[in-house]
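A.B. asks: Below is the file query23.tsv, which contains TSV, N, CA and C atoms and all ligand atoms.
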chain	number	residue	atom	x	y	z
G	1	MET	N	-193.93	159.27	124.96
G	1	MET	CA	-194.42	160.28	125.90
G	1	MET	C	-195.31	159.66	126.98
G	2	LEU	N	-196.18	158.75	126.54
G	2	LEU	CA	-197.10	158.07	127.47
G	2	LEU	C	-197.11	156.57	127.19
G	3	SER	N	-196.91	155.78	128.23
G	3	SER	CA	-197.04	154.33	128.10
G	3	SER	C	-197.90	153.79	129.23
G	4	LEU	N	-198.83	152.92	128.87
G	4	LEU	CA	-199.59	152.18	129.88
G	4	LEU	C	-199.24	150.72	129.74
G	5	ARG	N	-199.05	150.05	130.87
G	5	ARG	CA	-198.74	148.62	130.86
G	5	ARG	C	-199.66	147.86	131.79
G	6	ASP	N	-200.32	146.85	131.23
G	6	ASP	CA	-201.10	145.88	132.03
G	6	ASP	C	-202.10	146.55	132.97
G	7	LEU	N	-202.78	147.57	132.47
G	7	LEU	CA	-203.71	148.31	133.33
G	7	LEU	C	-205.01	147.54	133.52
G	8	LYS	N	-205.36	147.37	134.78
G	8	LYS	CA	-206.60	146.66	135.12
G	8	LYS	C	-207.49	147.56	135.96
G	9	LEU	N	-208.79	147.55	135.62
G	9	LEU	CA	-209.76	148.31	136.42
G	9	LEU	C	-211.05	147.51	136.52
G	10	SER	N	-211.57	147.39	137.72
G	10	SER	CA	-212.88	146.73	137.87
G	10	SER	C	-213.78	147.60	138.74
G	11	PHE	N	-215.07	147.50	138.49
G	11	PHE	CA	-216.08	148.14	139.34
G	11	PHE	C	-216.91	147.03	139.96
G	12	ASP	N	-216.94	146.95	141.26
G	12	ASP	CA	-217.74	145.95	141.99
G	12	ASP	C	-217.55	144.54	141.41
G	13	GLY	N	-216.31	144.16	141.23
G	13	GLY	CA	-216.02	142.81	140.76
G	13	GLY	C	-216.19	142.60	139.27
G	14	SER	N	-216.66	143.63	138.56
G	14	SER	CA	-216.83	143.48	137.11
G	14	SER	C	-215.63	144.12	136.40
G	15	GLN	N	-214.91	143.30	135.62
G	15	GLN	CA	-213.66	143.75	134.98
G	15	GLN	C	-214.00	144.65	133.79
G	16	VAL	N	-213.61	145.92	133.89
G	16	VAL	CA	-213.91	146.88	132.82
G	16	VAL	C	-212.69	147.02	131.90
G	17	LEU	N	-211.50	147.09	132.49
G	17	LEU	CA	-210.26	147.16	131.70
G	17	LEU	C	-209.38	146.00	132.12
G	18	ASP	N	-208.92	145.22	131.11
G	18	ASP	CA	-208.18	144.00	131.42
G	18	ASP	C	-206.85	144.01	130.67
G	19	ASP	N	-205.79	144.32	131.38
G	19	ASP	CA	-204.44	144.33	130.80
G	19	ASP	C	-204.33	145.23	129.57
G	20	ILE	N	-204.65	146.47	129.76
G	20	ILE	CA	-204.56	147.44	128.65
G	20	ILE	C	-203.12	147.93	128.50
G	21	ASN	N	-202.63	147.89	127.27
G	21	ASN	CA	-201.31	148.43	126.93
G	21	ASN	C	-201.47	149.49	125.85
G	22	LEU	N	-200.78	150.59	126.02
G	22	LEU	CA	-200.93	151.70	125.08
G	22	LEU	C	-199.65	152.53	125.07
G	23	ASP	N	-199.20	152.90	123.87
G	23	ASP	CA	-198.05	153.79	123.75
G	23	ASP	C	-198.43	154.97	122.89
G	24	VAL	N	-198.13	156.15	123.36
G	24	VAL	CA	-198.38	157.37	122.58
G	24	VAL	C	-197.08	158.14	122.50
G	25	LYS	N	-196.68	158.43	121.27
G	25	LYS	CA	-195.45	159.21	121.07
G	25	LYS	C	-195.76	160.70	121.10
G	26	LYS	N	-194.76	161.48	121.42
G	26	LYS	CA	-194.93	162.93	121.44
G	26	LYS	C	-195.42	163.42	120.08
G	27	GLY	N	-196.44	164.24	120.05
G	27	GLY	CA	-196.97	164.79	118.81
G	27	GLY	C	-198.02	163.92	118.14
G	28	GLU	N	-198.16	162.69	118.61
G	28	GLU	CA	-199.13	161.79	118.02
G	28	GLU	C	-200.54	162.15	118.49
G	29	VAL	N	-201.52	161.98	117.61
G	29	VAL	CA	-202.92	162.16	118.00
G	29	VAL	C	-203.58	160.79	117.95
G	30	VAL	N	-204.15	160.37	119.05
G	30	VAL	CA	-204.70	159.02	119.16
G	30	VAL	C	-206.18	159.10	119.50
G	31	LYS	N	-206.98	158.30	118.79
G	31	LYS	CA	-208.41	158.21	119.11
G	31	LYS	C	-208.69	156.86	119.72
G	32	LEU	N	-209.51	156.84	120.75
G	32	LEU	CA	-210.04	155.57	121.27
G	32	LEU	C	-211.45	155.46	120.74
G	33	ILE	N	-211.72	154.43	119.96
G	33	ILE	CA	-213.07	154.28	119.44
G	33	ILE	C	-213.64	152.91	119.82
G	34	GLY	N	-214.93	152.85	119.96
G	34	GLY	CA	-215.57	151.59	120.33
G	34	GLY	C	-216.96	151.85	120.83
G	35	PRO	N	-217.76	150.79	120.94
G	35	PRO	CA	-219.15	150.95	121.37
G	35	PRO	C	-219.25	151.56	122.77
G	36	SER	N	-220.40	152.12	123.05
G	36	SER	CA	-220.66	152.69	124.36
G	36	SER	C	-220.52	151.62	125.44
G	37	GLY	N	-219.88	151.99	126.54
G	37	GLY	CA	-219.76	151.07	127.67
G	37	GLY	C	-218.57	150.14	127.62
G	38	THR	N	-217.66	150.35	126.66
G	38	THR	CA	-216.51	149.44	126.55
G	38	THR	C	-215.29	149.93	127.34
G	39	GLY	N	-215.38	151.11	127.96
G	39	GLY	CA	-214.31	151.52	128.86
G	39	GLY	C	-213.41	152.64	128.38
G	40	LYS	N	-213.81	153.35	127.33
G	40	LYS	CA	-212.98	154.44	126.81
G	40	LYS	C	-212.80	155.55	127.85
G	41	THR	N	-213.92	155.99	128.39
G	41	THR	CA	-213.85	157.06	129.39
G	41	THR	C	-213.11	156.59	130.64
G	42	SER	N	-213.39	155.37	131.06
G	42	SER	CA	-212.71	154.84	132.25
G	42	SER	C	-211.21	154.81	132.05
G	43	LEU	N	-210.75	154.44	130.87
G	43	LEU	CA	-209.31	154.39	130.60
G	43	LEU	C	-208.69	155.78	130.73
G	44	ILE	N	-209.37	156.76	130.14
G	44	ILE	CA	-208.83	158.12	130.21
G	44	ILE	C	-208.85	158.63	131.66
G	45	ARG	N	-209.89	158.27	132.40
G	45	ARG	CA	-209.97	158.69	133.81
G	45	ARG	C	-208.89	158.02	134.66
G	46	CYS	N	-208.45	156.83	134.23
G	46	CYS	CA	-207.36	156.15	134.97
G	46	CYS	C	-206.04	156.91	134.82
G	47	ILE	N	-205.82	157.52	133.65
G	47	ILE	CA	-204.53	158.15	133.39
G	47	ILE	C	-204.26	159.24	134.42
G	48	ASN	N	-205.26	160.02	134.76
G	48	ASN	CA	-205.02	161.08	135.76
G	48	ASN	C	-205.63	160.75	137.12
G	49	LEU	N	-205.98	159.47	137.29
G	49	LEU	CA	-206.41	158.97	138.60
G	49	LEU	C	-207.76	159.50	139.08
G	50	LEU	N	-208.63	159.88	138.13
G	50	LEU	CA	-210.02	160.10	138.53
G	50	LEU	C	-210.64	158.75	138.86
G	51	GLU	N	-210.14	157.68	138.24
G	51	GLU	CA	-210.41	156.31	138.68
G	51	GLU	C	-209.09	155.72	139.13
G	52	ARG	N	-209.14	154.91	140.17
G	52	ARG	CA	-207.93	154.27	140.67
G	52	ARG	C	-207.85	152.84	140.11
G	53	PRO	N	-206.91	152.58	139.15
G	53	PRO	CA	-206.80	151.23	138.61
G	53	PRO	C	-206.45	150.22	139.70
G	54	ASP	N	-206.82	148.97	139.50
G	54	ASP	CA	-206.46	147.92	140.47
G	54	ASP	C	-204.96	147.66	140.40
G	55	SER	N	-204.43	147.69	139.18
G	55	SER	CA	-202.99	147.48	139.01
G	55	SER	C	-202.58	147.97	137.64
G	56	GLY	N	-201.26	148.01	137.42
G	56	GLY	CA	-200.73	148.45	136.14
G	56	GLY	C	-199.69	149.54	136.34
G	57	PHE	N	-199.09	149.91	135.23
G	57	PHE	CA	-197.99	150.88	135.27
G	57	PHE	C	-198.22	151.97	134.24
G	58	ILE	N	-197.77	153.15	134.56
G	58	ILE	CA	-197.82	154.25	133.60
G	58	ILE	C	-196.47	154.96	133.58
G	59	SER	N	-196.00	155.28	132.38
G	59	SER	CA	-194.85	156.17	132.23
G	59	SER	C	-195.35	157.41	131.53
G	60	LEU	N	-195.03	158.55	132.12
G	60	LEU	CA	-195.50	159.80	131.55
G	60	LEU	C	-194.39	160.83	131.69
G	61	GLY	N	-194.02	161.42	130.56
G	61	GLY	CA	-192.99	162.46	130.58
G	61	GLY	C	-191.71	162.01	131.26
G	62	GLY	N	-191.32	160.74	131.04
G	62	GLY	CA	-190.04	160.25	131.56
G	62	GLY	C	-190.09	159.71	132.99
G	63	LEU	N	-191.25	159.75	133.64
G	63	LEU	CA	-191.36	159.20	135.00
G	63	LEU	C	-192.25	157.97	135.00
G	64	ASP	N	-191.90	157.00	135.85
G	64	ASP	CA	-192.64	155.74	135.93
G	64	ASP	C	-193.43	155.66	137.23
G	65	TYR	N	-194.66	155.16	137.12
G	65	TYR	CA	-195.50	155.04	138.30
G	65	TYR	C	-196.15	153.65	138.31
G	66	ASP	N	-196.29	153.10	139.53
G	66	ASP	CA	-196.97	151.83	139.72
G	66	ASP	C	-198.33	152.13	140.34
G	67	TYR	N	-199.41	151.88	139.57
G	67	TYR	CA	-200.74	152.26	140.04
G	67	TYR	C	-201.13	151.57	141.35
G	68	SER	N	-200.54	150.41	141.62
G	68	SER	CA	-200.96	149.69	142.83
G	68	SER	C	-200.39	150.32	144.09
G	69	ARG	N	-199.38	151.16	143.93
G	69	ARG	CA	-198.87	151.86	145.14
G	69	ARG	C	-198.36	153.25	144.76
G	70	ILE	N	-199.31	154.09	144.48
G	70	ILE	CA	-198.97	155.43	144.03
G	70	ILE	C	-199.16	156.41	145.20
G	71	SER	N	-198.17	157.26	145.41
G	71	SER	CA	-198.25	158.19	146.54
G	71	SER	C	-199.07	159.42	146.15
G	72	LYS	N	-199.46	160.19	147.17
G	72	LYS	CA	-200.23	161.41	146.91
G	72	LYS	C	-199.42	162.36	146.03
G	73	LYS	N	-198.12	162.43	146.32
G	73	LYS	CA	-197.25	163.34	145.57
G	73	LYS	C	-197.17	162.91	144.09
G	74	GLU	N	-197.06	161.58	143.87
G	74	GLU	CA	-197.00	161.07	142.49
G	74	GLU	C	-198.33	161.33	141.77
G	75	ALA	N	-199.42	161.16	142.50
G	75	ALA	CA	-200.75	161.40	141.90
G	75	ALA	C	-200.86	162.86	141.45
G	76	LEU	N	-200.36	163.76	142.29
G	76	LEU	CA	-200.39	165.18	141.96
G	76	LEU	C	-199.53	165.46	140.72
G	77	ASN	N	-198.36	164.82	140.66
G	77	ASN	CA	-197.47	164.97	139.49
G	77	ASN	C	-198.16	164.53	138.21
G	78	LEU	N	-198.82	163.36	138.28
G	78	LEU	CA	-199.53	162.84	137.11
G	78	LEU	C	-200.60	163.83	136.65
G	79	ARG	N	-201.32	164.39	137.62
G	79	ARG	CA	-202.41	165.30	137.27
G	79	ARG	C	-201.88	166.59	136.68
G	80	ARG	N	-200.71	167.02	137.16
G	80	ARG	CA	-200.12	168.25	136.60
G	80	ARG	C	-199.70	168.06	135.15
G	81	LYS	N	-199.39	166.81	134.77
G	81	LYS	CA	-198.88	166.56	133.42
G	81	LYS	C	-199.98	166.13	132.45
G	82	THR	N	-201.22	166.13	132.91
G	82	THR	CA	-202.31	165.72	132.03
G	82	THR	C	-203.41	166.78	132.04
G	83	ALA	N	-204.24	166.73	131.04
G	83	ALA	CA	-205.41	167.62	131.02
G	83	ALA	C	-206.55	166.86	130.35
G	84	MET	N	-207.75	167.15	130.81
G	84	MET	CA	-208.90	166.41	130.29
G	84	MET	C	-210.03	167.39	130.03
G	85	VAL	N	-210.65	167.25	128.86
G	85	VAL	CA	-211.87	168.02	128.60
G	85	VAL	C	-213.03	167.04	128.72
G	86	PHE	N	-213.93	167.29	129.61
G	86	PHE	CA	-215.02	166.36	129.87
G	86	PHE	C	-216.07	166.44	128.77
G	87	GLN	N	-216.78	165.31	128.59
G	87	GLN	CA	-217.84	165.25	127.58
G	87	GLN	C	-218.88	166.34	127.89
G	88	GLN	N	-219.20	166.43	129.20
G	88	GLN	CA	-220.11	167.49	129.62
G	88	GLN	C	-219.30	168.45	130.48
G	89	TYR	N	-218.76	169.47	129.84
G	89	TYR	CA	-217.86	170.33	130.58
G	89	TYR	C	-218.59	171.54	131.14
G	90	ASN	N	-218.01	172.09	132.18
G	90	ASN	CA	-218.59	173.28	132.79
G	90	ASN	C	-217.56	174.39	132.75
G	91	LEU	N	-218.01	175.55	132.37
G	91	LEU	CA	-217.16	176.73	132.46
G	91	LEU	C	-217.59	177.52	133.69
G	92	PHE	N	-216.66	178.26	134.27
G	92	PHE	CA	-217.03	179.16	135.37
G	92	PHE	C	-217.80	180.34	134.78
G	93	LYS	N	-219.07	180.46	135.18
G	93	LYS	CA	-219.94	181.47	134.55
G	93	LYS	C	-219.61	182.89	134.99
G	94	ASN	N	-218.93	183.00	136.14
G	94	ASN	CA	-218.58	184.33	136.64
G	94	ASN	C	-217.25	184.81	136.08
G	95	LYS	N	-216.68	184.02	135.15
G	95	LYS	CA	-215.40	184.42	134.56
G	95	LYS	C	-215.54	184.56	133.05
G	96	THR	N	-214.65	185.35	132.47
G	96	THR	CA	-214.66	185.49	131.01
G	96	THR	C	-214.04	184.24	130.38
G	97	ALA	N	-214.12	184.16	129.06
G	97	ALA	CA	-213.55	183.02	128.34
G	97	ALA	C	-212.05	182.90	128.63
G	98	ILE	N	-211.35	184.01	128.53
G	98	ILE	CA	-209.89	183.95	128.73
G	98	ILE	C	-209.56	183.57	130.18
G	99	GLU	N	-210.36	184.03	131.14
G	99	GLU	CA	-210.12	183.67	132.55
G	99	GLU	C	-210.35	182.18	132.78
G	100	ASN	N	-211.33	181.61	132.05
G	100	ASN	CA	-211.56	180.17	132.16
G	100	ASN	C	-210.35	179.38	131.66
G	101	VAL	N	-209.72	179.89	130.61
G	101	VAL	CA	-208.55	179.19	130.05
G	101	VAL	C	-207.34	179.37	130.97
G	102	MET	N	-207.27	180.51	131.63
G	102	MET	CA	-206.10	180.81	132.48
G	102	MET	C	-206.14	180.08	133.82
G	103	ASP	N	-207.34	179.79	134.30
G	103	ASP	CA	-207.51	179.40	135.69
G	103	ASP	C	-206.66	178.21	136.13
G	104	ALA	N	-206.74	177.11	135.40
G	104	ALA	CA	-206.00	175.90	135.81
G	104	ALA	C	-204.49	176.13	135.74
G	105	GLN	N	-204.08	176.95	134.81
G	105	GLN	CA	-202.64	177.22	134.70
G	105	GLN	C	-202.12	177.92	135.95
G	106	MET	N	-202.95	178.78	136.51
G	106	MET	CA	-202.53	179.50	137.72
G	106	MET	C	-202.69	178.61	138.96
G	107	VAL	N	-203.83	177.91	139.05
G	107	VAL	CA	-204.11	177.12	140.27
G	107	VAL	C	-203.26	175.85	140.30
G	108	VAL	N	-203.24	175.11	139.18
G	108	VAL	CA	-202.58	173.81	139.19
G	108	VAL	C	-201.11	173.93	138.84
G	109	GLN	N	-200.81	174.73	137.81
G	109	GLN	CA	-199.43	174.80	137.34
G	109	GLN	C	-198.66	175.95	137.99
G	110	LYS	N	-199.34	176.72	138.82
G	110	LYS	CA	-198.70	177.82	139.58
G	110	LYS	C	-198.04	178.86	138.68
G	111	LYS	N	-198.59	179.04	137.48
G	111	LYS	CA	-198.07	180.09	136.60
G	111	LYS	C	-198.54	181.45	137.11
G	112	SER	N	-197.77	182.49	136.81
G	112	SER	CA	-198.20	183.84	137.17
G	112	SER	C	-199.37	184.22	136.26
G	113	ARG	N	-200.13	185.22	136.68
G	113	ARG	CA	-201.26	185.70	135.88
G	113	ARG	C	-200.79	186.11	134.48
G	114	LYS	N	-199.65	186.81	134.45
G	114	LYS	CA	-199.11	187.31	133.19
G	114	LYS	C	-198.75	186.13	132.25
G	115	GLU	N	-198.05	185.14	132.83
G	115	GLU	CA	-197.62	183.98	132.05
G	115	GLU	C	-198.85	183.21	131.53
G	116	ALA	N	-199.83	183.01	132.41
G	116	ALA	CA	-201.04	182.27	132.03
G	116	ALA	C	-201.80	183.04	130.94
G	117	TYR	N	-201.83	184.35	131.05
G	117	TYR	CA	-202.54	185.17	130.07
G	117	TYR	C	-201.87	185.04	128.70
G	118	GLU	N	-200.53	185.14	128.69
G	118	GLU	CA	-199.81	185.08	127.41
G	118	GLU	C	-199.99	183.72	126.74
G	119	LYS	N	-199.90	182.66	127.54
G	119	LYS	CA	-200.09	181.30	127.01
G	119	LYS	C	-201.52	181.13	126.48
G	120	SER	N	-202.47	181.65	127.21
G	120	SER	CA	-203.88	181.51	126.83
G	120	SER	C	-204.17	182.28	125.54
G	121	MET	N	-203.58	183.44	125.40
G	121	MET	CA	-203.79	184.22	124.18
G	121	MET	C	-203.19	183.50	122.96
G	122	GLN	N	-202.08	182.79	123.16
G	122	GLN	CA	-201.49	182.01	122.07
G	122	GLN	C	-202.47	180.97	121.58
G	201	LIG	N1	-218.16	154.74	138.55
G	201	LIG	C1	-218.59	153.59	138.03
G	201	LIG	N2	-219.11	152.61	138.81
G	201	LIG	C2	-219.52	151.44	138.29
G	201	LIG	N3	-219.44	151.13	136.97
G	201	LIG	C3	-218.94	152.06	136.15
G	201	LIG	C4	-218.47	153.33	136.61
G	201	LIG	N4	-218.01	154.04	135.55
G	201	LIG	C5	-218.17	153.26	134.48
G	201	LIG	N5	-218.73	152.06	134.82
G	201	LIG	C6	-219.02	150.94	133.91
G	201	LIG	O1	-217.80	150.64	133.22
G	201	LIG	C7	-218.06	150.30	131.86
G	201	LIG	C8	-217.27	151.22	130.96
G	201	LIG	O2	-217.84	152.52	131.01
G	201	LIG	P1	-217.20	153.76	130.25
G	201	LIG	O3	-215.75	153.82	130.57
G	201	LIG	O4	-218.02	154.94	130.60
G	201	LIG	O5	-217.39	153.34	128.73
G	201	LIG	P2	-217.33	154.24	127.39
G	201	LIG	O6	-216.68	155.55	127.72
G	201	LIG	O7	-216.54	153.41	126.43
G	201	LIG	O8	-218.75	154.40	126.96
G	201	LIG	C9	-219.57	150.39	131.68
G	201	LIG	O9	-220.09	149.08	131.87
G	201	LIG	C10	-220.01	151.30	132.82
G	201	LIG	O10	-221.32	151.00	133.22
G	202	MG	MG	-217.41	157.54	127.42
Let's see the structure in the file written out as structure tokens.
C.D. replies:
Amino acid sequence: MLSLRDLKLSFDGSQVLDDINLDVKKGEVVKLIGPSGTGKTSLIRCINLLERPDSGFISLGGLDYDYSRISKKEALNLRRKTAMVFQQYNLFKNKTAIENVMDAQMVVQKKSRKEAYEKSMQ
């Protein structure tokens, strides 16, 4: 379902991720564990391009992308196929719990209100 190949990321010349390879099969649950500051969050942020890797490849849902030359359209595709819950997450305070769950489905995935509601209730 997800493959990363030779992913590299540096901040200001300091190499944080060096040739990371990872394969995740559909249905698999994978934990990244390690001491603070070793790059777990950065790796996850690279998958949906919250960080831009210096180089490397990702295959997601049958499509292949080259991080060193990824188009805006490809970046959008990657983001549509991924979801991230932040360590410090924020909910929209002016919305109910169910509306918070529905929101991204309508805005990002362009689902109808009805479809998003039914999925959220599930
Ligand atoms: N935006 C950033 N700019 C510069 N350095 C960063 C940035 N984000 C993370 N780092 C550095 O990258 C390294 C990995 O951080 P991080 O991915 O947050 O590790 P972890 O999630 O494993 O604790 C740390 O040395 C951190 O200081
Ligand atoms: Mg972290």
A.B. asks: Enumerate, in order of chain and increasing residue number, the residues of chain G with an atom no farther than 8 Å from ligand MG 202 (chain G), each with its shortest atom pair and distance in Å to one decimal, counting only C-alpha atoms and all ligand atoms, as a Markdown table.
C.D. replies:
| residue | atom | partner | partner_atom | distance |
| --- | --- | --- | --- | --- |
| G:Ser36 | CA | G:MG202 | MG | 6.6 |
| G:Gly37 | CA | G:MG202 | MG | 6.9 |
| G:Gly39 | CA | G:MG202 | MG | 6.9 |
| G:Lys40 | CA | G:MG202 | MG | 5.4 |
| G:Thr41 | CA | G:MG202 | MG | 4.1 |
| G:Ser42 | CA | G:MG202 | MG | 7.3 |
| G:Gln87 | CA | G:MG202 | MG | 7.7 |
A.B. asks: Output N, CA and C atoms for every residue in that selection, as a compact mmCIF listing (two decimals), in the frame of the given file.
C.D. replies:
# COMPACT_ATOMS: atom_id res chain seq x y z
N SER G 36 -220.40 152.12 123.05
CA SER G 36 -220.66 152.69 124.36
C SER G 36 -220.52 151.62 125.44
N GLY G 37 -219.88 151.99 126.54
CA GLY G 37 -219.76 151.07 127.67
C GLY G 37 -218.57 150.14 127.62
N GLY G 39 -215.38 151.11 127.96
CA GLY G 39 -214.31 151.52 128.86
C GLY G 39 -213.41 152.64 128.38
N LYS G 40 -213.81 153.35 127.33
CA LYS G 40 -212.98 154.44 126.81
C LYS G 40 -212.80 155.55 127.85
N THR G 41 -213.92 155.99 128.39
CA THR G 41 -213.85 157.06 129.39
C THR G 41 -213.11 156.59 130.64
N SER G 42 -213.39 155.37 131.06
CA SER G 42 -212.71 154.84 132.25
C SER G 42 -211.21 154.81 132.05
N GLN G 87 -216.78 165.31 128.59
CA GLN G 87 -217.84 165.25 127.58
C GLN G 87 -218.88 166.34 127.89
A.B. asks: Give me the segment 8-106 of chain G side of the contact with segment 113-117 of chain G, cut-off 6.5 Å, one line per residue showing its nearest atom pair and distance in Å at one decimal, counting all atoms listed in the file, sorted by chain and residue number, as CSV.
C.D. replies:
residue,atom,partner,partner_atom,distance
G:Met102,CA,G:Ala116,C,5.1
G:Gln105,CA,G:Ala116,CA,5.9
G:Met106,N,G:Ala116,CA,6.0
A.B. asks: If you count all atoms listed in the file, which residues fall within 6 Å of segment 66-69 of chain G, apart from same-chain ones fewer than 5 positions away, as a list in words?
C.D. replies: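 In the requested form, the answer reads Pro53, Asp54, Ser55, Gly56, Phe57 and Ile58 of chain G.
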A.B. asks: Using atom CA of Ile20 of chain G and atom CA of Leu43 of chain G as the two end points, give the distance in Å to one decimal.
C.D. replies: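 Taking atom CA of Ile20 of chain G and atom CA of Leu43 of chain G, their separation equals 8.6 Å.
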A.B. asks: Would you mind listing what lies within 6.5 Å of segment 48-52 of chain G as a VMD selection string, with all atoms listed in the file counted and same-chain residues fewer than 6 positions away left out?
C.D. replies: chain G and resid 9 78 to 79
A.B. asks: Extract the full set of strand (DSSP E or B) residues from segment 5-76 of chain G according to DSSP on the backbone, and format it as an MDAnalysis selection string.
C.D. replies: chainID G and resid 5:11 14:24 55:60 63:66
A.B. asks: If you measure from atom C10 of ligand LIG 201 (chain G) to atom N of Thr38 of chain G, what distance in Å do you get, rounded to one decimal?
C.D. replies: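 Straight-line distance from atom C10 of ligand LIG 201 (chain G) to atom N of Thr38 of chain G works out to 6.7 Å.
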A.B. asks: Hey, which of G:Met1, G:Asp23, G:Gln122, G:Gly34 ends up closest to ligand LIG 201 (chain G)? Count all atoms listed in the file.
C.D. replies: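 Smallest separation from ligand LIG 201 (chain G) among the options: G:Gly34.
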A.B. asks: Between atom P2 of ligand LIG 201 (chain G) and atom CA of Pro35 of chain G, what distance in Å does the model show, to one decimal?
C.D. replies: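 We find that atom P2 of ligand LIG 201 (chain G) and atom CA of Pro35 of chain G lie 7.1 Å from each other.
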A.B. asks: Fewer than 6 positions away in the same chain doesn't count, so skip those; otherwise give me all residues within 10 Å of Leu60 of chain G, counting only C-alpha atoms, as a PDB file with N, CA and C atoms, keeping the file's coordinate frame.
C.D. replies:
ATOM      1  N   MET G   1    -193.930 159.270 124.960  1.00  0.00           N
ATOM      2  CA  MET G   1    -194.420 160.280 125.900  1.00  0.00           C
ATOM      3  C   MET G   1    -195.310 159.660 126.980  1.00  0.00           C
ATOM      4  N   LEU G   2    -196.180 158.750 126.540  1.00  0.00           N
ATOM      5  CA  LEU G   2    -197.100 158.070 127.470  1.00  0.00           C
ATOM      6  C   LEU G   2    -197.110 156.570 127.190  1.00  0.00           C
ATOM      7  N   SER G   3    -196.910 155.780 128.230  1.00  0.00           N
ATOM      8  CA  SER G   3    -197.040 154.330 128.100  1.00  0.00           C
ATOM      9  C   SER G   3    -197.900 153.790 129.230  1.00  0.00           C
ATOM     10  N   LEU G   4    -198.830 152.920 128.870  1.00  0.00           N
ATOM     11  CA  LEU G   4    -199.590 152.180 129.880  1.00  0.00           C
ATOM     12  C   LEU G   4    -199.240 150.720 129.740  1.00  0.00           C
ATOM     13  N   VAL G  24    -198.130 156.150 123.360  1.00  0.00           N
ATOM     14  CA  VAL G  24    -198.380 157.370 122.580  1.00  0.00           C
ATOM     15  C   VAL G  24    -197.080 158.140 122.500  1.00  0.00           C
ATOM     16  N   ILE G  47    -205.820 157.520 133.650  1.00  0.00           N
ATOM     17  CA  ILE G  47    -204.530 158.150 133.390  1.00  0.00           C
ATOM     18  C   ILE G  47    -204.260 159.240 134.420  1.00  0.00           C
ATOM     19  N   ASN G  77    -198.360 164.820 140.660  1.00  0.00           N
ATOM     20  CA  ASN G  77    -197.470 164.970 139.490  1.00  0.00           C
ATOM     21  C   ASN G  77    -198.160 164.530 138.210  1.00  0.00           C
ATOM     22  N   LEU G  78    -198.820 163.360 138.280  1.00  0.00           N
ATOM     23  CA  LEU G  78    -199.530 162.840 137.110  1.00  0.00           C
ATOM     24  C   LEU G  78    -200.600 163.830 136.650  1.00  0.00           C
ATOM     25  N   LYS G  81    -199.390 166.810 134.770  1.00  0.00           N
ATOM     26  CA  LYS G  81    -198.880 166.560 133.420  1.00  0.00           C
ATOM     27  C   LYS G  81    -199.980 166.130 132.450  1.00  0.00           C
ATOM     28  N   THR G  82    -201.220 166.130 132.910  1.00  0.00           N
ATOM     29  CA  THR G  82    -202.310 165.720 132.030  1.00  0.00           C
ATOM     30  C   THR G  82    -203.410 166.780 132.040  1.00  0.00           C
TER      31      THR G  82
END
A.B. asks: Given the choices G:Leu7, G:Leu32, G:Leu22, G:Ile70, which gets closest to ligand LIG 201 (chain G) if the distance is worked out from all atoms listed in the file?
C.D. replies: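 Residue with the minimum atom-to-atom distance to ligand LIG 201 (chain G): G:Leu32.
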A.B. asks: Quick one: DSSP helix (DSSP H, G or I) residues in chain G, as a count of residues only?
C.D. replies: 40
A.B. asks: Which residue gives the smallest distance to ligand LIG 201 (chain G) among G:Asp12, G:Asp103, G:Glu118, G:Asp64, with only N, CA and C atoms and all ligand atoms counted?
C.D. replies: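 Checking each candidate against ligand LIG 201 (chain G), we get G:Asp12 as the closest.
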A.B. asks: To box ligand LIG 201 (chain G), take all atoms listed in the file, fit an axis-aligned box, add 4 Å on each side, and give centre and edge lengths in Å to one decimal, as lines of an AutoDock Vina configuration file.
C.D. replies:
center_x = -218.5
center_y = 152.3
center_z = 132.6
size_x = 13.6
size_y = 14.5
size_z = 20.4
A.B. asks: Which of these, G:Arg45, G:Asp19, G:Glu74, G:Arg5, has the shortest distance to ligand LIG 201 (chain G) once you count all atoms listed in the file?
C.D. replies: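 Looking only at the distances to ligand LIG 201 (chain G), the closest residue turns out to be G:Arg45.
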